[in-house]
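One structure below.
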Amino acid sequence: MEHVPILVHRISPAGGRRVVIRIRGVDTVLGVAFCDADLIEFLRRIEIPGPDELVFGDSEVIAWQGGQPHQHE
């Protein structure tokens with residue numbers, strides 16, 4: 001597993017990607033994102049500064065597993 005705070009898992013067979021954040025070594029599932037707007041909303045709800053820039057920028061804070069980044073189905 002990547003050692004980054006936010007991990008966007010592979011696309012599930014039902015669609016969407018599970019989003020996990022690691023804080024102080026503890027993984028917490030934020031939800032299942034079916035689009036980038038969902039991912040941004042999860043980050044906004046936990047008060048991550050600049051969630052849009054993190055998702056759409058070239059951030060090393062988010063790791064996308066399997067498939068292409070920003071692909072959710």
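Within each chain, counting starts at residue 1; across the structure tokens, chains are named A, B, ... in the order shown, with ligands numbered 1 upward in that order.
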Write out as a CSV table (one decimal) with C-alpha atoms, in the first residue's frame the set of residues from chain A that DSSP, computed on the backbone, places in strand (DSSP E).
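This went into selection36.csv:
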chain,number,residue,atom,x,y,z
A,6,ILE,CA,-5.5,9.7,1.1
A,7,LEU,CA,-6.0,6.5,-0.8
A,8,VAL,CA,-8.6,6.1,-3.6
A,9,HIS,CA,-9.1,2.4,-4.1
A,10,ARG,CA,-9.8,0.5,-7.3
A,11,ILE,CA,-13.2,0.8,-8.9
A,17,ARG,CA,-14.2,3.9,-5.4
A,18,ARG,CA,-13.7,3.6,-1.7
A,19,VAL,CA,-11.9,6.6,-0.2
A,20,VAL,CA,-9.7,6.1,2.9
A,21,ILE,CA,-7.7,8.6,4.9
A,22,ARG,CA,-4.8,7.7,7.2
A,23,ILE,CA,-4.4,9.9,10.2
A,26,VAL,CA,-5.3,4.8,11.6
A,27,ASP,CA,-7.2,4.2,8.3
A,28,THR,CA,-10.7,5.7,8.2
A,29,VAL,CA,-13.1,5.1,5.3
A,30,LEU,CA,-14.6,8.4,4.2
A,31,GLY,CA,-17.1,6.8,1.8
A,32,VAL,CA,-17.5,5.6,-1.8
A,33,ALA,CA,-16.9,8.2,-4.5
A,62,ILE,CA,-3.7,11.3,-3.0
A,63,ALA,CA,-2.9,7.9,-4.3
A,64,TRP,CA,-5.2,6.4,-7.0
Of the residues A:Ala14, A:Val4, A:Val61, A:Val55, which is the one nearest to Glu41 (chain A), using only C-alpha atoms?
-> A:Val55
Interatomic distance between CA of Phe42 (chain A) and CA of Gly67 (chain A)?
->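 Atom-to-atom, CA of Phe42 (chain A) to CA of Gly67 (chain A), that is 20.6 Å.
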From the DSSP assignment of the backbone, select every residue of chain A that is alpha helix (DSSP H), and format the answer as a list in words.
->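 DSSP-assigned alpha helix (DSSP H) residues in chain A: Asp36, Ala37, Asp38, Leu39, Ile40, Glu41, Phe42, Leu43, Arg44, Arg45, Pro51, Asp52, Glu53, Leu54, Val55 and Phe56 of chain A.
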